[in-house]
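To start, the structure under review is shown below, and the notes come after it.
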Amino acid sequence: MTTSTSSILRQETLRRAAALLSCMGLLVSLTACSTPWSRDTADDAQTSGTRIAPSMSALFDQYLAKDTLSQFERDVLQRAKKTGKISAEDYETAHDKQAACMAENGWQEQTRKLSNGLYQTTGVTPVPSTDAEVNKYMEASNTCSEGTSKIIESLYQLQQGNPGLLADPYETAVECLKKSSLVDDSYTGRKLENALNGDGASKGLPFDASSDAAQSCFTGAGLAVNIG
């Protein structure tokens with residue numbers, strides 16, 4: 001079973017929303033927001049290790065089949081199809097296009113670049129203080145991402161943070177945490193999910209969740225984790 005491209009397309013906007021709410025302090029304590037594919041396939045993913053797609057190449061083909069791509073997106077994906085991956089340069093260009101558009105609409109986003117090459121939103125100026133302002137920010141983010149970053153950044157995130165293309169974001173994060181020696185082999189996606197959701201099944205985390213290594217794993221898995 002694989003996840004539809006329409007689900008993946010919603011990822012980048014929702015990730016930015018979670019990051020914005022986090023920086024505004026609207027995600028309290030230790031919490032996580034997951035990406036759409038985890039909700040679309042959650043039950044299957046927990047039992048069968050559902051994958052988003054057979055390969056990155058298959059994802060490139062799915063998007064290249066769309067007639068709604070901008071020329072920029074099509075050029076990037078055609079290069080990715082030839083080389084097997086989206087280049088860091090194309091990811092940077094997509095990110096810069098998004099940032100420039102947001103600035104034109106009155107929003108200055110602050111970001112930091114993690115060790116896996118992914119950008120993480122850390123704040124925005126001005127900070128929205130009402131629901132209406134949050135909605136205005138989200139509308140601008142969605143509009144600015146169309147034809148520029150929505151597809152490219154989402155696929156690059158998968159490429160960098162989820163090479164196994166696992167549908168379950170918690171399993172994805174744990175695979176990365178194990179590679180970074182932050183957890184041992186007995187640690188599972190369900191343990192991480194319980195800890196982040198604070199249901200009492202797991203008390204705290206056995207690593208510094210605010211470290212670059214941990215945040216790289218979270219962002220690569222499509223989880224926006226706020227430490228507060």
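The chains in the structure tokens are called A, B, ... from first to last as shown; in each chain the residues are counted from 1, and the ligands are counted from 1 in the order shown.
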Distance query Phe72 (chain A) at most 12 Å, only C-alpha atoms, self and fewer than 3 positions along chain excluded, as a ChimeraX atom specification: /A:64,68-69,75-79,90-91,93-94,97,146-152
Backbone-only DSSP, helix (DSSP H, G or I) members of region 109-169 of chain A, as a PyMOL selection string: chain A and resi 131-145+150-161+169
Residue among A:Ala140, A:Gly198, A:Ala221, A:Ile52 lying closest to Leu177 (chain A), counting only C-alpha atoms: A:Ala221
Per residue of region 139-187 of chain A within 12 Å of region 106-109 of chain A, which atom pair is closest and at what distance in Å (one decimal), using only C-alpha atoms, listed by chain and increasing number, as a Markdown table?
```
| residue | atom | partner | partner_atom | distance |
| --- | --- | --- | --- | --- |
| A:Glu139 | CA | A:Trp107 | CA | 11.5 |
| A:Ala140 | CA | A:Trp107 | CA | 8.6 |
| A:Ser141 | CA | A:Trp107 | CA | 9.2 |
| A:Cys144 | CA | A:Trp107 | CA | 11.1 |
```
